[in-house]
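Shown here: my_file_19.txt, compact mmCIF, C-alpha atoms.
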# COMPACT_ATOMS: atom_id res chain seq x y z
CA MET H 1 -40.31 -37.86 95.46
CA HIS H 2 -42.52 -39.02 98.34
CA SER H 3 -45.37 -36.78 99.49
CA SER H 4 -43.70 -36.35 102.90
CA GLN H 5 -40.55 -35.03 101.21
CA ILE H 6 -42.61 -32.57 99.19
CA VAL H 7 -44.34 -31.35 102.35
CA ASP H 8 -40.96 -30.98 104.11
CA ARG H 9 -39.50 -29.00 101.22
CA CYS H 10 -42.60 -26.85 101.01
CA SER H 11 -42.46 -26.12 104.74
CA ALA H 12 -38.75 -25.34 104.60
CA GLY H 13 -39.28 -23.06 101.64
CA LEU H 14 -42.09 -21.17 103.36
CA ASP H 15 -39.97 -20.76 106.48
CA LEU H 16 -37.13 -19.35 104.37
CA LEU H 17 -39.46 -16.89 102.66
CA ARG H 18 -40.87 -15.74 106.00
CA ARG H 19 -37.36 -15.28 107.44
CA ARG H 20 -36.37 -13.21 104.41
CA THR H 21 -39.56 -11.20 104.69
CA ALA H 22 -38.91 -10.53 108.37
CA ALA H 23 -35.35 -9.50 107.58
CA ILE H 24 -36.53 -6.99 105.03
CA MET H 25 -39.25 -5.66 107.34
CA ASN H 26 -36.66 -5.13 110.09
CA ASP H 27 -34.05 -3.65 107.74
CA ASP H 28 -32.91 -0.31 109.12
CA ASP H 29 -31.38 0.80 105.80
CA ASP H 30 -33.04 4.19 105.42
CA SER H 31 -32.41 4.27 101.67
CA ASN H 32 -34.95 1.54 100.86
CA PRO H 33 -38.53 2.53 100.04
CA PRO H 34 -41.01 0.96 102.50
CA LEU H 35 -42.19 -1.66 100.02
CA MET H 36 -42.74 -4.44 102.57
CA ALA H 37 -44.50 -2.21 105.09
CA THR H 38 -46.74 -0.75 102.39
CA TYR H 39 -47.59 -3.92 100.47
CA LYS H 40 -47.28 -6.63 103.10
CA HIS H 41 -51.03 -7.27 102.93
CA LEU H 42 -50.69 -8.21 99.26
CA LEU H 43 -47.83 -10.60 99.98
CA ASP H 44 -49.28 -12.26 103.07
CA GLY H 45 -52.12 -13.96 101.23
CA ARG H 46 -49.76 -15.34 98.63
CA LEU H 47 -47.28 -16.62 101.20
CA ASP H 48 -49.96 -18.42 103.20
CA ALA H 49 -51.50 -19.98 100.10
CA ASP H 50 -48.31 -21.02 98.31
CA ASP H 51 -47.80 -24.74 97.83
CA TYR H 52 -44.72 -26.49 96.49
CA GLN H 53 -45.79 -26.23 92.88
CA THR H 54 -46.37 -22.47 93.08
CA MET H 55 -43.07 -21.92 94.85
CA THR H 56 -41.14 -23.65 92.08
CA THR H 57 -42.89 -21.76 89.27
CA MET H 58 -40.22 -19.08 89.21
CA ASP H 59 -37.44 -21.66 88.90
CA ASP H 60 -39.30 -23.18 85.97
CA ASP H 61 -39.67 -19.77 84.34
CA HIS H 62 -36.01 -18.95 84.76
CA SER H 63 -34.99 -22.30 83.26
CA ARG H 64 -36.77 -21.28 80.01
CA ARG H 65 -33.94 -19.02 79.05
CA CYS H 66 -33.39 -17.48 75.67
CA VAL H 67 -30.55 -15.72 73.93
CA LEU H 68 -31.94 -12.82 71.96
CA PRO H 69 -30.63 -12.21 68.44
CA VAL H 70 -27.26 -10.46 68.73
CA ILE H 71 -26.34 -7.98 66.00
CA ASP H 72 -22.82 -6.60 65.64
CA LEU H 73 -23.28 -3.08 64.28
CA GLN H 74 -19.78 -3.14 62.81
CA HIS H 75 -20.68 -5.89 60.37
CA GLY H 76 -21.59 -4.97 56.80
CA GLU H 77 -24.35 -2.38 56.46
CA ASP H 78 -26.66 -4.56 54.37
CA GLN H 79 -26.18 -7.54 56.70
CA CYS H 80 -26.95 -5.39 59.76
CA ARG H 81 -30.06 -3.89 58.20
CA ALA H 82 -31.48 -7.28 57.27
CA ALA H 83 -30.73 -8.72 60.73
CA ILE H 84 -32.32 -5.76 62.53
CA VAL H 85 -35.50 -5.89 60.45
CA LEU H 86 -35.79 -9.66 60.90
CA ALA H 87 -35.24 -9.53 64.69
CA ALA H 88 -37.72 -6.67 65.15
CA SER H 89 -40.30 -8.56 63.06
CA GLU H 90 -39.90 -11.99 64.67
CA TRP H 91 -38.92 -11.12 68.24
CA GLY H 92 -39.64 -7.43 68.86
CA PHE H 93 -36.42 -7.62 70.90
CA PHE H 94 -32.75 -7.91 69.96
CA GLN H 95 -29.29 -7.08 71.29
CA VAL H 96 -26.62 -4.92 69.69
CA THR H 97 -22.86 -4.93 70.18
CA ASN H 98 -20.26 -2.40 68.98
CA HIS H 99 -23.09 0.08 69.45
CA GLY H 100 -21.05 3.21 70.09
CA VAL H 101 -21.99 3.73 73.74
CA PRO H 102 -18.66 3.40 75.60
CA GLN H 103 -18.59 0.74 78.31
CA ALA H 104 -16.61 3.08 80.55
CA LEU H 105 -19.45 5.60 80.32
CA LEU H 106 -22.04 2.94 81.19
CA ASP H 107 -19.90 1.86 84.16
CA GLU H 108 -19.68 5.47 85.32
CA LEU H 109 -23.46 5.82 85.09
CA HIS H 110 -23.92 2.62 87.09
CA GLU H 111 -21.75 3.99 89.90
CA ALA H 112 -23.68 7.26 89.89
CA GLN H 113 -26.98 5.36 89.79
CA VAL H 114 -26.06 3.27 92.83
CA ALA H 115 -25.09 6.41 94.74
CA VAL H 116 -28.35 8.16 93.80
CA PHE H 117 -30.48 5.27 95.07
CA ARG H 118 -28.41 4.97 98.27
CA ARG H 119 -29.67 8.38 99.40
CA PRO H 120 -32.16 8.25 102.29
CA PHE H 121 -35.66 7.40 101.12
CA GLN H 122 -37.23 10.50 102.67
CA ARG H 123 -34.70 12.65 100.87
CA LYS H 124 -35.51 10.94 97.56
CA VAL H 125 -39.19 11.63 98.13
CA ARG H 126 -38.80 15.26 99.21
CA GLU H 127 -35.88 16.50 97.13
CA PRO H 128 -35.64 16.39 93.34
CA LEU H 129 -32.66 14.65 91.79
CA LEU H 130 -30.35 17.47 90.72
CA ASP H 131 -32.44 19.90 88.62
CA PHE H 132 -34.86 17.27 87.32
CA SER H 133 -38.59 17.32 88.01
CA PRO H 134 -39.60 16.57 91.64
CA GLU H 135 -42.13 14.09 90.24
CA SER H 136 -39.40 12.01 88.56
CA TYR H 137 -38.94 9.70 91.59
CA ARG H 138 -41.35 6.73 91.77
CA TRP H 139 -41.58 3.58 93.85
CA GLY H 140 -43.96 0.64 94.14
CA THR H 141 -47.42 0.79 92.57
CA PRO H 142 -49.80 3.15 94.41
CA THR H 143 -52.87 1.75 92.62
CA ALA H 144 -52.08 -1.95 93.27
CA THR H 145 -54.89 -3.95 94.85
CA ARG H 146 -53.50 -7.39 93.91
CA LEU H 147 -50.00 -8.83 94.02
CA GLU H 148 -49.81 -9.17 90.24
CA GLN H 149 -50.28 -5.38 89.94
CA LEU H 150 -47.32 -4.59 92.19
CA SER H 151 -43.89 -3.56 90.87
CA TRP H 152 -41.20 -4.13 93.50
CA SER H 153 -38.95 -1.31 92.37
CA GLU H 154 -37.96 2.33 92.57
CA ALA H 155 -37.00 4.58 89.66
CA TYR H 156 -36.20 8.03 88.38
CA HIS H 157 -38.15 8.77 85.17
CA ILE H 158 -36.28 11.72 83.68
CA PRO H 159 -37.49 13.96 80.82
CA LEU H 160 -34.46 14.87 78.72
CA THR H 161 -35.03 18.60 78.49
CA GLY H 162 -32.84 21.52 79.43
CA THR H 163 -29.13 22.06 79.00
CA THR H 164 -26.08 20.49 80.57
CA PRO H 165 -24.69 22.50 83.52
CA PRO H 166 -20.91 22.75 84.04
CA ALA H 167 -19.42 19.85 86.03
CA THR H 168 -18.23 21.66 89.14
CA SER H 169 -19.54 19.35 91.87
CA SER H 170 -20.32 15.67 92.39
CA GLY H 171 -23.99 16.39 91.65
CA ASP H 172 -23.11 18.18 88.43
CA LYS H 173 -20.89 15.26 87.43
CA THR H 174 -23.84 12.91 87.90
CA ARG H 175 -25.92 15.24 85.73
CA LEU H 176 -23.16 15.26 83.12
CA VAL H 177 -22.87 11.47 82.89
CA ILE H 178 -26.66 11.19 82.59
CA GLU H 179 -26.51 13.71 79.73
CA GLU H 180 -23.65 11.88 78.01
CA VAL H 181 -25.33 8.47 78.21
CA SER H 182 -28.68 9.81 77.04
CA THR H 183 -27.02 11.59 74.11
CA ALA H 184 -25.18 8.43 73.05
CA MET H 185 -28.31 6.29 73.42
CA SER H 186 -30.36 8.87 71.51
CA GLU H 187 -27.94 8.68 68.58
CA LEU H 188 -28.08 4.87 68.64
CA ALA H 189 -31.89 4.82 68.85
CA GLN H 190 -32.15 7.24 65.93
CA GLN H 191 -29.78 5.08 63.88
CA LEU H 192 -31.79 1.91 64.54
CA ALA H 193 -35.16 3.63 64.01
CA GLU H 194 -34.00 4.95 60.63
CA ILE H 195 -33.16 1.39 59.57
CA LEU H 196 -36.53 0.04 60.71
CA VAL H 197 -38.60 2.67 58.91
CA ALA H 198 -36.47 2.83 55.75
CA ASP H 199 -39.02 1.15 53.47
CA LEU H 200 -42.10 2.42 55.32
CA ARG H 201 -41.77 6.11 54.59
CA GLY H 202 -44.50 8.14 52.91
CA ASP H 203 -44.32 11.47 51.19
CA GLU H 204 -45.02 13.41 54.37
CA GLU H 205 -42.73 13.93 57.35
CA ASP H 206 -42.17 10.69 59.25
CA VAL H 207 -42.35 10.21 62.99
CA VAL H 208 -38.61 9.52 63.46
CA SER H 209 -37.81 13.10 62.50
CA ARG H 210 -40.09 14.20 65.36
CA CYS H 211 -38.09 12.14 67.89
CA THR H 212 -35.50 14.56 69.20
CA ARG H 213 -33.45 14.15 72.32
CA SER H 214 -35.57 16.76 74.12
CA THR H 215 -38.77 14.70 73.58
CA CYS H 216 -37.28 11.49 75.00
CA PHE H 217 -36.92 10.02 78.50
CA LEU H 218 -34.27 8.20 80.51
CA ARG H 219 -35.32 5.90 83.34
CA LEU H 220 -32.95 4.80 86.12
CA ASN H 221 -34.28 1.60 87.71
CA ARG H 222 -33.46 -0.20 90.93
CA TYR H 223 -35.13 -3.48 91.90
CA PRO H 224 -34.50 -4.15 95.61
CA ALA H 225 -34.09 -7.74 96.78
CA CYS H 226 -37.47 -9.16 97.73
CA GLY H 227 -37.82 -11.86 100.37
CA ALA H 228 -41.14 -12.90 98.82
CA ALA H 229 -39.67 -13.04 95.33
CA SER H 230 -41.62 -16.12 94.26
CA GLY H 231 -44.75 -14.01 94.19
CA ALA H 232 -43.59 -10.53 93.13
CA PHE H 233 -42.75 -8.68 89.95
CA GLY H 234 -39.89 -6.23 89.86
CA LEU H 235 -41.85 -4.64 87.02
CA CYS H 236 -45.33 -5.78 86.01
CA PRO H 237 -45.98 -7.21 82.53
CA HIS H 238 -46.32 -4.36 80.03
CA THR H 239 -45.44 -3.05 76.60
CA ASP H 240 -43.51 0.18 76.10
CA SER H 241 -45.53 3.21 75.00
CA ASP H 242 -42.71 4.75 72.96
CA PHE H 243 -41.24 4.23 69.50
CA LEU H 244 -38.08 2.31 70.46
CA THR H 245 -36.34 1.44 73.76
CA ILE H 246 -32.63 0.99 74.47
CA LEU H 247 -31.88 -0.92 77.70
CA HIS H 248 -28.67 -1.44 79.63
CA GLN H 249 -28.92 -3.97 82.47
CA ASP H 250 -26.47 -5.42 84.98
CA GLY H 251 -25.65 -9.12 85.17
CA VAL H 252 -28.28 -10.07 87.77
CA GLY H 253 -30.97 -11.02 85.26
CA GLY H 254 -34.72 -11.03 85.74
CA LEU H 255 -35.93 -9.57 82.44
CA GLN H 256 -38.44 -11.83 80.68
CA LEU H 257 -40.35 -11.44 77.45
CA ARG H 258 -43.46 -13.15 76.20
CA LYS H 259 -43.18 -15.20 73.03
CA GLY H 260 -46.39 -16.97 72.12
CA GLU H 261 -47.82 -18.42 75.30
CA ARG H 262 -44.50 -18.68 77.15
CA TRP H 263 -42.37 -16.33 79.20
CA LEU H 264 -38.68 -16.51 78.31
CA ALA H 265 -35.90 -15.24 80.58
CA VAL H 266 -33.37 -13.07 78.76
CA GLU H 267 -29.75 -14.01 79.40
CA PRO H 268 -27.68 -10.90 80.22
CA LYS H 269 -24.86 -10.45 77.68
CA PRO H 270 -21.91 -8.33 78.86
CA GLY H 271 -21.25 -5.39 76.60
CA ALA H 272 -24.56 -5.63 74.73
CA LEU H 273 -27.52 -3.27 74.80
CA ILE H 274 -31.08 -4.58 74.47
CA VAL H 275 -33.40 -2.96 71.94
CA ASN H 276 -37.17 -3.43 71.85
CA VAL H 277 -40.00 -2.20 69.67
CA GLY H 278 -42.51 0.16 71.29
CA ASP H 279 -46.26 0.56 70.72
CA LEU H 280 -45.82 3.56 68.41
CA LEU H 281 -43.55 1.64 66.04
CA GLN H 282 -45.96 -1.31 65.98
CA ALA H 283 -48.85 0.98 64.99
CA TRP H 284 -46.74 3.06 62.60
CA SER H 285 -45.46 -0.11 60.84
CA ASN H 286 -49.02 -1.51 60.64
CA ASP H 287 -47.95 -4.57 62.70
CA ARG H 288 -44.84 -5.36 60.69
CA TYR H 289 -42.93 -4.91 63.96
CA ARG H 290 -44.32 -6.05 67.31
CA SER H 291 -44.29 -4.34 70.68
CA VAL H 292 -43.79 -7.40 72.88
CA GLU H 293 -45.04 -7.77 76.45
CA HIS H 294 -42.20 -8.06 78.95
CA ARG H 295 -41.65 -8.00 82.70
CA VAL H 296 -38.97 -8.09 85.38
CA MET H 297 -39.07 -10.74 88.10
CA ALA H 298 -38.04 -9.78 91.62
CA THR H 299 -35.26 -11.84 93.20
CA ALA H 300 -34.54 -12.68 96.81
CA ALA H 301 -30.78 -12.90 96.36
CA SER H 302 -29.75 -9.43 95.23
CA GLU H 303 -30.82 -6.05 93.96
CA ARG H 304 -30.80 -5.26 90.23
CA PHE H 305 -30.06 -2.07 88.31
CA SER H 306 -30.91 -1.04 84.76
CA VAL H 307 -31.22 2.11 82.67
CA ALA H 308 -33.69 2.53 79.81
CA PHE H 309 -33.77 5.17 77.08
CA PHE H 310 -37.19 5.77 75.52
CA LEU H 311 -37.23 7.19 71.99
CA CYS H 312 -40.41 9.32 71.88
CA PRO H 313 -41.74 11.88 69.41
CA ALA H 314 -43.29 15.25 70.18
CA TYR H 315 -46.77 15.00 71.66
CA ASP H 316 -48.36 16.34 68.48
CA ALA H 317 -46.53 13.85 66.22
CA LEU H 318 -49.04 11.87 64.15
CA ILE H 319 -48.82 8.06 64.20
CA ARG H 320 -50.26 6.97 60.85
CA PRO H 321 -49.98 3.27 59.90
CA ARG H 322 -47.66 2.57 56.96
CA SER H 323 -47.07 -0.51 54.82
CA SER H 324 -43.81 -1.83 53.40
CA THR H 325 -42.94 -1.02 49.81
CA ALA H 326 -40.84 -4.18 49.61
CA GLY H 327 -42.09 -7.26 47.78
CA GLY H 328 -44.65 -5.48 45.57
CA GLY H 329 -48.33 -6.38 45.60
CA ASP H 330 -51.18 -4.58 47.27
CA ARG H 331 -50.58 -2.80 50.55
CA PRO H 332 -52.65 -4.14 53.47
CA PRO H 333 -55.26 -1.73 54.80
CA PRO H 334 -54.40 0.23 57.95
CA ARG H 335 -55.06 -1.69 61.16
CA TYR H 336 -55.09 1.36 63.42
CA LYS H 337 -56.73 4.73 63.45
CA SER H 338 -54.28 7.61 63.17
CA PHE H 339 -53.49 9.25 66.53
CA THR H 340 -50.96 11.60 68.07
CA PHE H 341 -48.52 10.58 70.74
CA GLY H 342 -50.26 12.97 73.13
CA GLU H 343 -53.63 11.32 72.47
CA TYR H 344 -52.09 7.91 73.11
CA ARG H 345 -50.57 8.95 76.44
CA ASN H 346 -53.82 10.59 77.56
CA GLN H 347 -55.80 7.45 76.67
CA ILE H 348 -53.41 5.28 78.68
CA ARG H 349 -53.76 7.55 81.73
CA GLU H 350 -57.54 7.46 81.46
CA ASP H 351 -57.61 3.66 81.07
CA VAL H 352 -55.35 3.20 84.09
CA ARG H 353 -57.57 5.54 86.11
CA LEU H 354 -60.77 3.72 85.16
CA THR H 355 -59.64 0.10 84.86
CA GLY H 356 -56.36 -0.09 86.77
CA ARG H 357 -54.39 -1.18 83.69
CA LYS H 358 -53.07 -0.01 80.35
CA LEU H 359 -55.16 -1.08 77.34
CA GLY H 360 -52.76 0.41 74.83
CA LEU H 361 -53.07 -0.20 71.11
CA GLN H 362 -56.34 -2.10 71.30
CA ARG H 363 -58.01 1.29 71.92
CA PHE H 364 -56.95 2.42 68.44
CA ARG H 365 -57.36 -0.89 66.60
CA ILE H 366 -59.69 -0.69 63.57
CA GLN H 367 -62.47 -3.29 63.72
CA GLY H 368 -61.50 -6.20 61.51
CA GLY H 369 -57.82 -5.32 61.75
CA GLY H 370 -56.95 -8.76 63.11
CA PRO H 371 -55.70 -9.78 66.58
CA LEU H 372 -53.00 -7.84 68.37

Take the structure I supplied and represent it as structure tokens, if you would.
Amino acid sequence: MHSSQIVDRCSAGLDLLRRRTAAIMNDDDDSNPPLMATYKHLLDGRLDADDYQTMTTMDDDHSRRCVLPVIDLQHGEDQCRAAIVLAASEWGFFQVTNHGVPQALLDELHEAQVAVFRRPFQRKVREPLLDFSPESYRWGTPTATRLEQLSWSEAYHIPLTGTTPPATSSGDKTRLVIEEVSTAMSELAQQLAEILVADLRGDEEDVVSRCTRSTCFLRLNRYPACGAASGAFGLCPHTDSDFLTILHQDGVGGLQLRKGERWLAVEPKPGALIVNVGDLLQAWSNDRYRSVEHRVMATAASERFSVAFFLCPAYDALIRPRSSTAGGGDRPPPRYKSFTFGEYRNQIREDVRLTGRKLGLQRFRIQGGGPL
């Protein structure tokens, strides 16, 4: 390609991004959070500085697609167990089918989720969703000072406490479907966690028994279309601070995970749920399983929805590194100090306050325990 053609394509691309940005800024849809108005200063510098190579980076990333290991939970028990342990060890991510969460229920939740996010933004900010905490609604990244710290998204982060009210109104029906999905995902997460810790148990009570439905969280995510998508994350790179995560996503795509030095885009698979290892399981398994960094890329073409269930223990649950009993030989020494889930969450909050980012497991790594 001649240099003049590159310049023309670059100019055309920048014009398209600016038109999309203007369209979003002028959007009178009162349900959208004011992401562009709030964070335009972070995007402007990137748009002005983008050259052709930078603009095509996202296309390159999305072309590096991967199909996560897919495990049919209706296959033989021994075969499933071996596949789950292998996928969690090598990838930290895998997909499950025939998982017991009815597709009709997931479809019903998606419809309710769309309706919830279509409410006026000011109402979402001022009024709690049903009887959930008023602080459950979140959008953007209030602490962002650079584009790479910004998450172009809105979400409801819901603690799964309380009881299910009778379904007598549309709001109660939304509450009921949230309860039904979270209950089904909780049962699935417990089933998978039991498999992963089967040969890591000690004599004392293990952390899985401290993960009850009332200590877990459900997160409803919406990633609005972003006219400046080549420079924005839907969700910044991170690891999950729980024990195990169950994710249901739509067919839009955008989820990427880090494997080695590369980011790989995860192909959506209809009917499958994505499972990933959290920080607590990595520490508890003494690095047998890995909590893998992942992110969501914003797209210019369409919005994206997902729902995540976070399997979490009680705050006073002790995370004590274990070693496998399989294979014989000496057990490796612990690579982490023991800590409670509450201590871990408090350390993350303090690190974010002081440094602007999560430091996670490295705070509890024993010197000489090897690289994360």

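Closest to Arg123 in chain H among H:Pro268, H:Pro33, H:Pro333, H:Gly251 is H:Pro33, based on all atoms listed in the file.
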
How would you write as a ChimeraX atom specification the residues that get within 10 Å of (-39.9, 3.0, 99.6) in the file's frame, counting only C-alpha atoms? /H:30-38,120-122,124-125,138-140,152-154,224

Using the selection just defined, write its residues with C-alpha atoms as a compact mmCIF listing (two decimals), in the frame of the given file.
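Listed below is the output, out.txt:
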# COMPACT_ATOMS: atom_id res chain seq x y z
CA ASP H 30 -33.04 4.19 105.42
CA SER H 31 -32.41 4.27 101.67
CA ASN H 32 -34.95 1.54 100.86
CA PRO H 33 -38.53 2.53 100.04
CA PRO H 34 -41.01 0.96 102.50
CA LEU H 35 -42.19 -1.66 100.02
CA MET H 36 -42.74 -4.44 102.57
CA ALA H 37 -44.50 -2.21 105.09
CA THR H 38 -46.74 -0.75 102.39
CA PRO H 120 -32.16 8.25 102.29
CA PHE H 121 -35.66 7.40 101.12
CA GLN H 122 -37.23 10.50 102.67
CA LYS H 124 -35.51 10.94 97.56
CA VAL H 125 -39.19 11.63 98.13
CA ARG H 138 -41.35 6.73 91.77
CA TRP H 139 -41.58 3.58 93.85
CA GLY H 140 -43.96 0.64 94.14
CA TRP H 152 -41.20 -4.13 93.50
CA SER H 153 -38.95 -1.31 92.37
CA GLU H 154 -37.96 2.33 92.57
CA PRO H 224 -34.50 -4.15 95.61

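Among H:Asp316, H:Asp199, H:Asp72, H:Glu267, the residue with the shortest atom-to-atom distance to Phe339 in chain H, counting all atoms listed in the file, is H:Asp316.
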
Which residues are near Arg126 in chain H? Cut-off 12 Å, only C-alpha atoms, ignore same chain within fewer than 6 positions. Put them as a PyMOL selection string. chain H and resi 119-120+133-138

As lines of an AutoDock Vina configuration file, please report the centre and edge lengths, rounded to one decimal in Å, of the axis-aligned box that holds all listed atoms of range 75-80 of chain H with 4 Å of padding on each of the six sides.
center_x = -23.8
center_y = -5.0
center_z = 57.4
size_x = 14.3
size_y = 13.2
size_z = 14.0

When you count all atoms listed in the file, which of these residues is closest to Val207 in chain H: H:Leu244, H:Val96, H:Val307, H:Leu109? H:Leu244

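The space separating CA of His157 in chain H from CA of Val70 in chain H comes to 27.5 Å.
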
I need every residue sitting at most 9 Å from the point (-33.3, 0.7, 77.3) (coordinates as in the file, only C-alpha atoms considered), written as a PDB file with C-alpha atoms, in the coordinates of the input.
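For reference, selection.pdb as written:
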ATOM      1  CA  MET H 185     -28.310   6.290  73.420  1.00  0.00           C
ATOM      2  CA  LEU H 218     -34.270   8.200  80.510  1.00  0.00           C
ATOM      3  CA  ARG H 219     -35.320   5.900  83.340  1.00  0.00           C
ATOM      4  CA  LEU H 244     -38.080   2.310  70.460  1.00  0.00           C
ATOM      5  CA  THR H 245     -36.340   1.440  73.760  1.00  0.00           C
ATOM      6  CA  ILE H 246     -32.630   0.990  74.470  1.00  0.00           C
ATOM      7  CA  LEU H 247     -31.880  -0.920  77.700  1.00  0.00           C
ATOM      8  CA  HIS H 248     -28.670  -1.440  79.630  1.00  0.00           C
ATOM      9  CA  GLN H 249     -28.920  -3.970  82.470  1.00  0.00           C
ATOM     10  CA  LEU H 273     -27.520  -3.270  74.800  1.00  0.00           C
ATOM     11  CA  ILE H 274     -31.080  -4.580  74.470  1.00  0.00           C
ATOM     12  CA  VAL H 275     -33.400  -2.960  71.940  1.00  0.00           C
ATOM     13  CA  ASN H 276     -37.170  -3.430  71.850  1.00  0.00           C
ATOM     14  CA  SER H 306     -30.910  -1.040  84.760  1.00  0.00           C
ATOM     15  CA  VAL H 307     -31.220   2.110  82.670  1.00  0.00           C
ATOM     16  CA  ALA H 308     -33.690   2.530  79.810  1.00  0.00           C
ATOM     17  CA  PHE H 309     -33.770   5.170  77.080  1.00  0.00           C
ATOM     18  CA  PHE H 310     -37.190   5.770  75.520  1.00  0.00           C
TER      19      PHE H 310
END

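When all atoms listed in the file are used to compute distances to Phe217 in chain H, the closest of the residues H:Phe233, H:Trp91, H:Tyr344, H:Tyr156 turns out to be H:Tyr156.
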
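For the atom pair formed by CA of Glu194 in chain H and CA of Ala272 in chain H, the distance is 20.0 Å, given to one decimal.
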
Compile the contact shell of range 357-362 of chain H as a PyMOL selection string: residues with an atom at most 9 Å away, counting all atoms listed in the file, same-chain residues fewer than 2 positions apart removed. chain H and resi 149+238-239+241+279-280+282-283+336+344-345+347-355+364-366+372

Which residues come within 9 Å of Val181 in chain H, counting all atoms listed in the file, excluding same-chain residues fewer than 3 positions away, as a VMD selection string? chain H and resid 101 to 102 105 to 106 109 176 to 178 184 to 186
